[in-house]
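**Student:** The following block contains the structure, expressed as structure tokens.
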4 protein chains.
Amino acid sequence: MKGLARIGKDKIGWVEKDRPVAGPRDAILRPLALAPCTSEVHMIWGDIGDYMPTDRVVGHEAVGIVDEVGSEVGDFKPGDRVIVPAITPNYLRTPSQRGFAQHCDGMCSGMPFCMAKDGVFAEYFHVNDADAQLTPIPDGVSLEQALMIGDMMTTGFYGAELANVQLGSTVAVFGIGPVGLMAVAGAHLLGAARILAVGSRPNAVKVAREYGATEIIDYHNGDTVAQIMGLTDGKGVDAAITAGGDVSTIGQAVEVLQPGGTVGNVNVMEHAESIPIPLGAWGGGLGDKTIRGGLCPGGRARMERLAALVRYGRIDPGKLVTHRFTNFEDIEEALLLMHEKPKNLIKPAVILE
Amino acid sequence: MKGLARIGKDKIGWVEKDRPVAGPRDAILRPLALAPCTSEVHMIWGDIGDYMPTDRVVGHEAVGIVDEVGSEVGDFKPGDRVIVPAITPNYLRTPSQRGFAQHCDGMCSGMPFCMAKDGVFAEYFHVNDADAQLTPIPDGVSLEQALMIGDMMTTGFYGAELANVQLGSTVAVFGIGPVGLMAVAGAHLLGAARILAVGSRPNAVKVAREYGATEIIDYHNGDTVAQIMGLTDGKGVDAAITAGGDVSTIGQAVEVLQPGGTVGNVNVMEHAESIPIPLGAWGGGLGDKTIRGGLCPGGRARMERLAALVRYGRIDPGKLVTHRFTNFEDIEEALLLMHEKPKNLIKPAVILE
Amino acid sequence: MKGLARIGKDKIGWVEKDRPVAGPRDAILRPLALAPCTSEVHMIWGDIGDYMPTDRVVGHEAVGIVDEVGSEVGDFKPGDRVIVPAITPNYLRTPSQRGFAQHCDGMCSGMPFCMAKDGVFAEYFHVNDADAQLTPIPDGVSLEQALMIGDMMTTGFYGAELANVQLGSTVAVFGIGPVGLMAVAGAHLLGAARILAVGSRPNAVKVAREYGATEIIDYHNGDTVAQIMGLTDGKGVDAAITAGGDVSTIGQAVEVLQPGGTVGNVNVMEHAESIPIPLGAWGGGLGDKTIRGGLCPGGRARMERLAALVRYGRIDPGKLVTHRFTNFEDIEEALLLMHEKPKNLIKPAVILE
Amino acid sequence: MKGLARIGKDKIGWVEKDRPVAGPRDAILRPLALAPCTSEVHMIWGDIGDYMPTDRVVGHEAVGIVDEVGSEVGDFKPGDRVIVPAITPNYLRTPSQRGFAQHCDGMCSGMPFCMAKDGVFAEYFHVNDADAQLTPIPDGVSLEQALMIGDMMTTGFYGAELANVQLGSTVAVFGIGPVGLMAVAGAHLLGAARILAVGSRPNAVKVAREYGATEIIDYHNGDTVAQIMGLTDGKGVDAAITAGGDVSTIGQAVEVLQPGGTVGNVNVMEHAESIPIPLGAWGGGLGDKTIRGGLCPGGRARMERLAALVRYGRIDPGKLVTHRFTNFEDIEEALLLMHEKPKNLIKPAVILE
């Protein structure tokens, strides 16, 4: 079978691979829809890929149709159309039992796609522990919407959850790429009163407002921290989500945070040794400003709840998709587009039906 | 009346002041016992004092006897012997209503002693909202024990609470000065199974073991992080408390922490612009390692519970006191001792009865 | 001055009282808008009033204009237009410091209106600790909306908070009187995917749907529990809010709850010795179904956040008001209407401007 | 092979069964130590057993030696000596992913022993998902201690966790059978200051004091509620754990609880339709007294942490064992003893080495 792989540093290409084999609890799926992610860009053109073997098939955002199931799979059968989470942990490990399945076998090991096995940009892909990971696409949910659930929605929402957004909170969201937009939507769904979103691309600004941003902070108009402090009468915010920028963004979030508040980071950072937390803004160590950052939960329980939010009309994650393709091979162009990041891009998607 | 004051940069001296005046909800106390704290050292010989007016009386650790109460004080009368918290917030403010009274009127404003008014190293001192702050010394609790409750115990225990120590946790405590020792005791009281305490001074090591440390990490024996990872078979710890060191200590704590774990900082840091969080150990932003740091809760509800722990024999905080004085004026020598920090010192105390 | 009082068992009438006096931290207000509440009905025609002295002015839902402030009030001055919470606790007490100000001086003592002093249905009324309780009506928020914040919104939302509604939860709300409707809105704002609301009055059903109910359960159509189990494919719900009914309603909530779920009660129950929790549905004691019930938080921090939700358009609590009056004396008719409870009533209100 | 089974209503007897078969992730163990539990008594002489098929082997408290492992088991091999949790859930199900593995496939389904397959009172017994359930007996932990971890310790400690015991809490524990004694120990380990234990049997009272009870309430000396209120100066307790009694005990716990407090139940109740919650003590629905009750967590992560507490000397659960047997067949006598419950019994155990 054919798959789109990282064939070397900064290089992608099509490779021929054996169709994956299903163990007793596993499933083999064919893609119904695929999307590239900034993580792939990091894997191929950034530092993360140095840990990947050559010719590893990339991709971890997919909606699929079940092609084959192992003997112990009870809830799915060939032909079922399912949401696939980017994170498919081993729920039998002790970190999973303690609520951190994302790190089931060591930090970030809950994402076998690309990291421990071939990813989803292939004619067939493998899902471990299918009953524990997959969930049927509910009636009324489009492929485009379903495709945005498995990574974008769970990651952005996790940012809002990490940041401890509460009823009536004022929230700052740094970055309104696809994850940041979902963080806006997540903060909105958790009951934020006021959402200050930092970004400037017109397409993204439009969707940010639709997802609940009450104000947009454009760094072209001056210092971001100063703008947020000005808009909040010098009080700052209750919660801050960092979903873009670089290591300095966490520090900005700490600056605008009130004591008792929380930063929730879901941004992958590279090209730095450390994240500088500003000592003064952190109260010399005593400011009661919590800093959290994590890998989104995956798995079936999470997917079911997120899918229910789409099904019952609480959120339309399909708004993220700005560029549509219709052939399997187009995933290459979609991925290159994600790397180039033209101004009008939020998220490209390949929808096969 | 007489008080020991910061009379200039790096200088202390006795000053003559008016006896403080009690508002309707306030009380005026005379000291029964006093102790200097590292915070005073920071205020006088460090950066923090730059914000203090000249001749400000220092000191915030005291046990006192009530000398006068305002017209609205209902629970105390002259002659009552009481525990005084270092942190005496304004509980009427909105941050207090949200659970962060320490920051009632802005970051760390919950400590008016020294920062907003004269401290406790005086013949008389003022306590705002007496009914909301003070608690009687329970029967069977010595002055020495009571003296260690108002700051050392609440601060060290807060470190263990911030770090989310749970039943059976493995915990690392960085620093075993008086606050670090109380963090050891706090982690023990919260149900930690194993406590790795980082320190080397023999007196402190002895008390650390008595308070529940199961192993001592001495940096003279090699890299601290490497020692902790070795002792935990490369797994690291569930929780880390930083109660000493400098800005780099937080990074060490992040290094030894498992994903899903929490750093709880109660150390005041100076002489740096920022705290460097190691990007790799923090999972590039995705490691689910929470970083918290805060100012201890004060107030009466907290004091009551801590005093109950001493009364019912769960902890003897009096073990911290290595150097005893008996005259009021000795507080000067005690404070200088805290600045010099001889090897055998944990905590000096002036016990007036 | 004139006030509407409970002048005996089952009787209301106008009484002449002295204008209340402001202590140093207090304020005296004149009403801008008033609403009666089911609690008044309980106080006058039910059991609760047995604890009230004769001629106690009733009423605890008001928006007011400041007429006078005590010497220590710093944030308000005569002429300020403010939201008044029904619950105005003493934040200096230890239960308040532990997060339960509603019970500051014993169970439910955080509501001095009616219970410990005259209520708000008077030409002037007294607010203790004004800086800690009041908040200005934000621009763009109508009197009608502001009036619904101080009790209805905080109570209904507390139900959703007690029930631990999470992103994507399926929630059952028992009762869609004004509090139940606000519980629907609260569950919606906290991110519920699916809200099953139990009720039948057409006016209330309409507002329930506008506030986010996805399905309506009408007991005329069969057993409530059976209907909910049927709609959820026998799985039951993640969270249940009881905001109406009687002591048997809690049991219904336990029946429809999944293990791991929570019942949040905000209904005042009378005329029974005890609430029967069905042993089988509660797993014989082992079902991990949490039962909570509480008095809503009041105070300024809460009011600020709720007012922000209205200001930023997250919720329009004014939809509750079905019957409007314009003269101060009309509060009597409004209260009688609340007692009669005609079918088309949700909430009556007296708006004086 | 031979096993001790429920051979009919109120009857036990030895039956001959096939040796269980290990699936790919399972293990077959031989017992090293066994203990009967009150749950067995319920199963055989009470209502629960009506759901069990005839000749079902009983028993769920065991320490074992691995005899055989399935092909996918990676962490254990024949000859390993391991702690066996009473609760061995399917961690792949969605309730497990949400933190309620005890109810993985419906209420209380996380305990397959006895309920869904033969229990441990047999020459060989089956453990599902061995890597996710078992943990090696740490050095220095005796068989007797290890035997008490898998059910008694996790259950009693869960009571203290459900009841939200905090640093300095005052806690009431209703019942000091083996689970209640472990609840005392759990409350102590979580930092309770004061523990009021309700019970009277001299053996149990002695161990209760050793585990941290500060006062003993004997119902022979008067009404339990009145005694607790008297000892707490009418204030009541912060947390209450119910580990014995009947459906009325929960009501007593609610009576002695302060607003803001929590009841944690780990008692299995029978012979009643419902649990009566006293309406007045529950504040008519508004008292903010939380009622929780649940089945203890099992699984490996839990066992590891509990075993660490024993290994590091925080608790000696072996103190529960008052009656010792040494032959496999003695489990019958031990079980009958558990049914008779002589006054000097806490827990019988069969230790085979």
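Ordering of the structure tokens sets the chain letters (A, B, ...); residue numbers start at 1 within each chain; ligands are numbered from 1 in the order shown.
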Looking only at strand (DSSP E or B) from DSSP on the backbone, list the matching residues of range 72-241 of chain C as a PyMOL selection string.
**Tutor:** chain C and resi 81-84+104+106+117+122+125-127+135-136+170-174+194-198+215-217+237-241
**Student:** If we count only C-alpha atoms and set the cut-off at 12 Å, which residues sit around Ile149 in chain A, ignoring sequence neighbours fewer than 3 positions away in its own chain? Please answer as a PyMOL selection string.
**Tutor:** chain A and resi 33-35+60-63+82-87+134-135+137+141-146+152-157+178-179+182+296-300+302-311+315-320
**Student:** Find the residues around Thr242 in chain B up to 8 Å (only C-alpha atoms counted), leave out those fewer than 5 positions away in its own chain, and share them as a ChimeraX atom specification.
**Tutor:** /B:159,173-175,180,249-250,253,263-267
**Student:** Kindly save the residues from that selection, with all heavy atoms included, as a tab-separated table (two decimals), in the first residue's frame.
**Tutor:**
chain	number	residue	atom	x	y	z
B	159	GLY	N	3.44	24.30	50.61
B	159	GLY	CA	4.27	23.71	49.56
B	159	GLY	C	3.80	22.30	49.22
B	159	GLY	O	3.67	21.93	48.05
B	173	VAL	N	11.79	16.97	48.16
B	173	VAL	CA	11.74	18.29	48.79
B	173	VAL	C	13.12	18.92	48.63
B	173	VAL	O	14.11	18.39	49.15
B	173	VAL	CB	11.37	18.18	50.29
B	173	VAL	CG1	11.36	19.56	50.93
B	173	VAL	CG2	10.01	17.50	50.46
B	174	PHE	N	13.17	20.02	47.90
B	174	PHE	CA	14.43	20.72	47.65
B	174	PHE	C	14.63	21.79	48.72
B	174	PHE	O	13.94	22.81	48.72
B	174	PHE	CB	14.43	21.35	46.27
B	174	PHE	CG	14.48	20.37	45.14
B	174	PHE	CD1	13.33	19.73	44.71
B	174	PHE	CD2	15.68	20.06	44.50
B	174	PHE	CE1	13.36	18.81	43.67
B	174	PHE	CE2	15.72	19.15	43.46
B	174	PHE	CZ	14.57	18.52	43.05
B	175	GLY	N	15.60	21.56	49.60
B	175	GLY	CA	15.88	22.54	50.64
B	175	GLY	C	15.27	22.09	51.96
B	175	GLY	O	14.08	21.80	52.02
B	180	GLY	N	11.53	24.19	54.38
B	180	GLY	CA	11.68	22.90	53.74
B	180	GLY	C	11.39	21.76	54.71
B	180	GLY	O	10.75	20.76	54.34
B	249	THR	N	16.49	25.89	40.76
B	249	THR	CA	15.95	24.75	41.51
B	249	THR	C	14.61	24.29	40.93
B	249	THR	O	14.30	23.10	40.90
B	249	THR	CB	15.81	25.14	42.99
B	249	THR	OG1	17.05	25.70	43.43
B	249	THR	CG2	15.46	23.92	43.85
B	250	ILE	N	13.81	25.25	40.47
B	250	ILE	CA	12.53	24.90	39.86
B	250	ILE	C	12.77	23.99	38.66
B	250	ILE	O	12.06	22.99	38.45
B	250	ILE	CB	11.78	26.18	39.38
B	250	ILE	CG1	11.62	27.19	40.51
B	250	ILE	CG2	10.44	25.81	38.73
B	250	ILE	CD1	10.42	27.03	41.36
B	253	ALA	N	13.46	20.55	39.76
B	253	ALA	CA	12.21	19.89	40.16
B	253	ALA	C	11.46	19.38	38.95
B	253	ALA	O	10.92	18.27	38.94
B	253	ALA	CB	11.36	20.87	40.97
B	263	VAL	N	5.05	20.60	40.66
B	263	VAL	CA	6.02	21.31	41.48
B	263	VAL	C	5.27	22.32	42.32
B	263	VAL	O	4.46	23.09	41.79
B	263	VAL	CB	7.04	22.11	40.63
B	263	VAL	CG1	8.01	22.86	41.53
B	263	VAL	CG2	7.77	21.21	39.65
B	264	GLY	N	5.52	22.33	43.62
B	264	GLY	CA	4.96	23.35	44.50
B	264	GLY	C	6.08	24.19	45.08
B	264	GLY	O	6.91	23.66	45.84
B	265	ASN	N	6.13	25.44	44.72
B	265	ASN	CA	7.21	26.31	45.19
B	265	ASN	C	6.75	27.21	46.32
B	265	ASN	O	5.70	27.85	46.22
B	265	ASN	CB	7.72	27.19	44.05
B	265	ASN	CG	8.78	28.18	44.54
B	265	ASN	OD1	9.89	27.76	44.87
B	265	ASN	ND2	8.44	29.46	44.63
B	266	VAL	N	7.55	27.27	47.39
B	266	VAL	CA	7.30	28.25	48.45
B	266	VAL	C	8.57	29.03	48.77
B	266	VAL	O	8.67	29.67	49.81
B	266	VAL	CB	6.74	27.58	49.73
B	266	VAL	CG1	5.25	27.25	49.53
B	266	VAL	CG2	7.51	26.33	50.11
B	267	ASN	N	9.52	28.98	47.86
B	267	ASN	CA	10.78	29.68	48.03
B	267	ASN	C	10.67	31.08	47.42
B	267	ASN	O	10.14	31.24	46.34
B	267	ASN	CB	11.89	28.91	47.31
B	267	ASN	CG	13.27	29.48	47.59
B	267	ASN	OD1	13.51	29.99	48.68
B	267	ASN	ND2	14.15	29.37	46.62
**Student:** What are the residues of chain B lining chain C at 10 Å or less? Count only C-alpha atoms, and put the answer as a VMD selection string.
**Tutor:** chain B and resid 24 89 to 101 129 to 133 297 to 302 304
**Student:** Pull the helix (DSSP H, G or I) assignments for range 1-134 of chain D out of DSSP run on the backbone, and list those residues as number ranges by chain.
**Tutor:** D: 38-45, 48-51, 94-97, 101-103, 112-115, 130-133
**Student:** For the residues in the current selection, export C-alpha atoms as a PDB file, in the first residue's frame.
**Tutor:**
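Saved to out.pdb:
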ATOM      1  CA  THR D  38     -17.823  -9.300  54.949  1.00  0.00           C
ATOM      2  CA  SER D  39     -18.774  -9.133  51.268  1.00  0.00           C
ATOM      3  CA  GLU D  40     -18.577 -12.935  51.126  1.00  0.00           C
ATOM      4  CA  VAL D  41     -20.884 -13.044  54.092  1.00  0.00           C
ATOM      5  CA  HIS D  42     -23.289 -10.811  52.166  1.00  0.00           C
ATOM      6  CA  MET D  43     -22.931 -13.034  49.108  1.00  0.00           C
ATOM      7  CA  ILE D  44     -23.598 -16.280  50.927  1.00  0.00           C
ATOM      8  CA  TRP D  45     -25.916 -15.353  53.782  1.00  0.00           C
ATOM      9  CA  ILE D  48     -26.250 -10.158  47.000  1.00  0.00           C
ATOM     10  CA  GLY D  49     -25.743 -13.853  46.367  1.00  0.00           C
ATOM     11  CA  ASP D  50     -29.086 -14.145  44.626  1.00  0.00           C
ATOM     12  CA  TYR D  51     -27.324 -12.871  41.554  1.00  0.00           C
ATOM     13  CA  THR D  94     -15.015   4.532  28.779  1.00  0.00           C
ATOM     14  CA  PRO D  95     -15.982   4.772  32.485  1.00  0.00           C
ATOM     15  CA  SER D  96     -12.420   3.651  33.249  1.00  0.00           C
ATOM     16  CA  GLN D  97     -11.041   6.416  31.031  1.00  0.00           C
ATOM     17  CA  ALA D 101     -12.936   1.887  36.454  1.00  0.00           C
ATOM     18  CA  GLN D 102     -14.802   0.259  39.354  1.00  0.00           C
ATOM     19  CA  HIS D 103     -17.895   0.661  37.222  1.00  0.00           C
ATOM     20  CA  PRO D 112     -15.189  -9.903  38.370  1.00  0.00           C
ATOM     21  CA  PHE D 113     -14.101 -12.146  41.263  1.00  0.00           C
ATOM     22  CA  CYS D 114     -17.236 -13.973  42.467  1.00  0.00           C
ATOM     23  CA  MET D 115     -19.570 -11.687  40.518  1.00  0.00           C
ATOM     24  CA  ALA D 130      -2.343  -9.141  34.739  1.00  0.00           C
ATOM     25  CA  ASP D 131       0.021  -6.265  33.850  1.00  0.00           C
ATOM     26  CA  ALA D 132      -2.708  -3.768  34.740  1.00  0.00           C
ATOM     27  CA  GLN D 133      -3.658  -5.351  38.056  1.00  0.00           C
TER      28      GLN D 133
END
**Student:** Skipping near chain neighbours, those fewer than 3 positions away, what residues fall within 7 Å of Thr214 in chain D using only C-alpha atoms, listed as a PyMOL selection string?
**Tutor:** chain D and resi 194-196+209
**Student:** Which residues are close to range 215-230 of chain A, i.e. within 12 Å by only C-alpha atoms, leaving aside same-chain residues fewer than 6 positions away? Reply as a tab-separated table (two decimals) with N, CA, C and O atoms, in the first residue's frame.
**Tutor:**
chain	number	residue	atom	x	y	z
A	170	THR	N	-12.58	35.94	32.70
A	170	THR	CA	-11.97	36.69	31.60
A	170	THR	C	-10.74	35.91	31.18
A	170	THR	O	-9.90	35.57	32.02
A	171	VAL	N	-10.64	35.61	29.89
A	171	VAL	CA	-9.60	34.70	29.40
A	171	VAL	C	-8.82	35.34	28.26
A	171	VAL	O	-9.41	35.98	27.39
A	172	ALA	N	-7.51	35.17	28.27
A	172	ALA	CA	-6.70	35.56	27.12
A	172	ALA	C	-6.26	34.31	26.39
A	172	ALA	O	-5.84	33.34	27.01
A	173	VAL	N	-6.38	34.33	25.06
A	173	VAL	CA	-5.93	33.21	24.24
A	173	VAL	C	-4.83	33.73	23.32
A	173	VAL	O	-5.08	34.60	22.49
A	174	PHE	N	-3.62	33.20	23.50
A	174	PHE	CA	-2.48	33.63	22.69
A	174	PHE	C	-2.35	32.71	21.48
A	174	PHE	O	-1.98	31.55	21.62
A	175	GLY	N	-2.64	33.26	20.30
A	175	GLY	CA	-2.53	32.47	19.08
A	175	GLY	C	-3.89	32.00	18.63
A	175	GLY	O	-4.63	31.40	19.42
A	176	ILE	N	-4.24	32.29	17.37
A	176	ILE	CA	-5.51	31.82	16.84
A	176	ILE	C	-5.33	31.07	15.53
A	176	ILE	O	-6.06	31.25	14.57
A	181	LEU	N	-7.95	28.69	17.93
A	181	LEU	CA	-9.39	28.93	17.69
A	181	LEU	C	-10.23	27.94	18.49
A	181	LEU	O	-11.27	28.29	19.05
A	184	VAL	N	-10.33	29.10	21.96
A	184	VAL	CA	-11.37	30.13	22.11
A	184	VAL	C	-12.73	29.47	22.30
A	184	VAL	O	-13.49	29.78	23.23
A	193	ALA	N	-16.81	34.69	30.27
A	193	ALA	CA	-17.60	35.86	29.92
A	193	ALA	C	-16.92	36.63	28.80
A	193	ALA	O	-17.54	37.09	27.86
A	194	ARG	N	-15.61	36.78	28.94
A	194	ARG	CA	-14.87	37.67	28.05
A	194	ARG	C	-13.64	36.93	27.57
A	194	ARG	O	-12.91	36.35	28.37
A	195	ILE	N	-13.43	36.94	26.27
A	195	ILE	CA	-12.30	36.23	25.68
A	195	ILE	C	-11.51	37.19	24.81
A	195	ILE	O	-12.02	37.70	23.81
A	196	LEU	N	-10.27	37.44	25.22
A	196	LEU	CA	-9.37	38.31	24.48
A	196	LEU	C	-8.46	37.42	23.65
A	196	LEU	O	-7.64	36.68	24.21
A	197	ALA	N	-8.60	37.45	22.33
A	197	ALA	CA	-7.83	36.56	21.48
A	197	ALA	C	-6.72	37.35	20.79
A	197	ALA	O	-6.97	38.40	20.22
A	198	VAL	N	-5.51	36.81	20.86
A	198	VAL	CA	-4.35	37.48	20.28
A	198	VAL	C	-4.07	36.92	18.89
A	198	VAL	O	-3.75	35.74	18.75
A	199	GLY	N	-4.20	37.74	17.86
A	199	GLY	CA	-3.97	37.29	16.49
A	199	GLY	C	-4.34	38.38	15.51
A	199	GLY	O	-4.91	39.40	15.89
A	200	SER	N	-4.03	38.16	14.24
A	200	SER	CA	-4.31	39.23	13.29
A	200	SER	C	-4.78	38.76	11.92
A	200	SER	O	-5.35	39.55	11.16
A	201	ARG	N	-4.59	37.51	11.55
A	201	ARG	CA	-5.00	37.07	10.21
A	201	ARG	C	-6.52	37.18	10.06
A	201	ARG	O	-7.26	36.61	10.88
A	202	PRO	N	-6.98	37.86	9.03
A	202	PRO	CA	-8.42	38.15	8.92
A	202	PRO	C	-9.31	36.92	8.99
A	202	PRO	O	-10.33	36.93	9.69
A	204	ALA	N	-8.79	34.07	10.44
A	204	ALA	CA	-8.78	33.52	11.79
A	204	ALA	C	-9.52	34.45	12.75
A	204	ALA	O	-10.25	34.00	13.64
A	205	VAL	N	-9.37	35.74	12.54
A	205	VAL	CA	-10.07	36.71	13.39
A	205	VAL	C	-11.58	36.54	13.26
A	205	VAL	O	-12.32	36.55	14.26
A	206	LYS	N	-12.02	36.34	12.02
A	206	LYS	CA	-13.45	36.14	11.78
A	206	LYS	C	-13.97	34.92	12.54
A	206	LYS	O	-15.00	34.98	13.24
A	207	VAL	N	-13.26	33.80	12.42
A	207	VAL	CA	-13.70	32.58	13.11
A	207	VAL	C	-13.58	32.74	14.63
A	207	VAL	O	-14.43	32.27	15.40
A	208	ALA	N	-12.55	33.42	15.07
A	208	ALA	CA	-12.39	33.65	16.52
A	208	ALA	C	-13.61	34.34	17.08
A	208	ALA	O	-14.14	33.96	18.14
A	209	ARG	N	-14.08	35.35	16.37
A	209	ARG	CA	-15.29	36.06	16.83
A	209	ARG	C	-16.50	35.12	16.82
A	209	ARG	O	-17.30	35.12	17.75
A	236	GLY	N	-5.80	42.49	34.60
A	236	GLY	CA	-5.37	41.24	34.01
A	236	GLY	C	-6.50	40.23	33.93
A	236	GLY	O	-7.65	40.56	34.22
A	237	VAL	N	-6.14	39.03	33.55
A	237	VAL	CA	-7.14	38.01	33.26
A	237	VAL	C	-7.13	36.90	34.31
A	237	VAL	O	-6.18	36.75	35.07
A	238	ASP	N	-8.21	36.10	34.31
A	238	ASP	CA	-8.33	34.97	35.23
A	238	ASP	C	-7.61	33.73	34.70
A	238	ASP	O	-7.19	32.88	35.48
A	240	ALA	N	-5.26	32.15	31.11
A	240	ALA	CA	-4.59	32.43	29.84
A	240	ALA	C	-4.26	31.10	29.17
A	240	ALA	O	-3.80	30.17	29.82
A	245	GLY	N	2.91	31.12	19.22
A	245	GLY	CA	4.05	31.90	19.67
A	245	GLY	C	5.24	31.02	19.96
A	245	GLY	O	5.38	29.93	19.39
A	248	SER	N	8.65	32.65	24.71
A	248	SER	CA	8.40	33.91	25.41
A	248	SER	C	6.90	34.15	25.65
A	248	SER	O	6.52	34.99	26.47
A	249	THR	N	6.08	33.42	24.94
A	249	THR	CA	4.63	33.62	25.06
A	249	THR	C	4.12	33.22	26.45
A	249	THR	O	3.22	33.86	27.01
A	250	ILE	N	4.71	32.17	27.01
A	250	ILE	CA	4.32	31.73	28.35
A	250	ILE	C	4.56	32.88	29.34
A	250	ILE	O	3.73	33.16	30.22
A	251	GLY	N	5.65	33.55	29.17
A	251	GLY	CA	5.97	34.69	30.04
A	251	GLY	C	4.94	35.80	29.90
A	251	GLY	O	4.53	36.42	30.88
A	252	GLN	N	4.51	36.06	28.66
A	252	GLN	CA	3.46	37.08	28.46
A	252	GLN	C	2.18	36.66	29.18
A	252	GLN	O	1.50	37.49	29.80
A	253	ALA	N	1.89	35.39	29.10
A	253	ALA	CA	0.68	34.90	29.76
A	253	ALA	C	0.79	35.10	31.27
A	253	ALA	O	-0.18	35.51	31.93
A	254	VAL	N	1.96	34.82	31.83
A	254	VAL	CA	2.15	35.03	33.26
A	254	VAL	C	2.00	36.52	33.61
A	254	VAL	O	1.42	36.88	34.63
A	255	GLU	N	2.48	37.38	32.72
A	255	GLU	CA	2.38	38.83	32.96
A	255	GLU	C	0.93	39.31	33.07
A	255	GLU	O	0.61	40.15	33.90
A	256	VAL	N	0.07	38.78	32.22
A	256	VAL	CA	-1.31	39.29	32.19
A	256	VAL	C	-2.24	38.57	33.17
A	256	VAL	O	-3.42	38.92	33.28
A	257	LEU	N	-1.69	37.60	33.88
A	257	LEU	CA	-2.52	36.77	34.76
A	257	LEU	C	-2.66	37.39	36.14
A	257	LEU	O	-1.71	37.89	36.71
A	258	GLN	N	-3.86	37.35	36.68
A	258	GLN	CA	-4.07	37.74	38.08
A	258	GLN	C	-3.54	36.64	39.01
A	258	GLN	O	-3.56	35.47	38.65
A	281	ALA	N	6.70	39.04	37.69
A	281	ALA	CA	5.28	38.76	37.43
A	281	ALA	C	4.81	37.50	38.12
A	281	ALA	O	3.62	37.32	38.38
C	312	TYR	N	-21.57	40.47	28.48
C	312	TYR	CA	-20.95	40.00	27.25
C	312	TYR	C	-21.88	39.09	26.45
C	312	TYR	O	-21.45	38.36	25.56
**Student:** Between D:Asp80, D:Glu329, D:Asp47, D:Asp18, which is the closest to Glu270 in chain D once you count only C-alpha atoms?
**Tutor:**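 For Glu270 in chain D, the nearest of the candidates is D:Asp47.
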**Student:** Taking 6 positions as the minimum chain separation for residues in the same chain, which residues sit within 9 Å of His188 in chain B when counting only C-alpha atoms? Answer as a VMD selection string.
**Tutor:** (chain B and resid 160 165 194 to 195 211 to 213) or (chain D and resid 189 to 191 314)
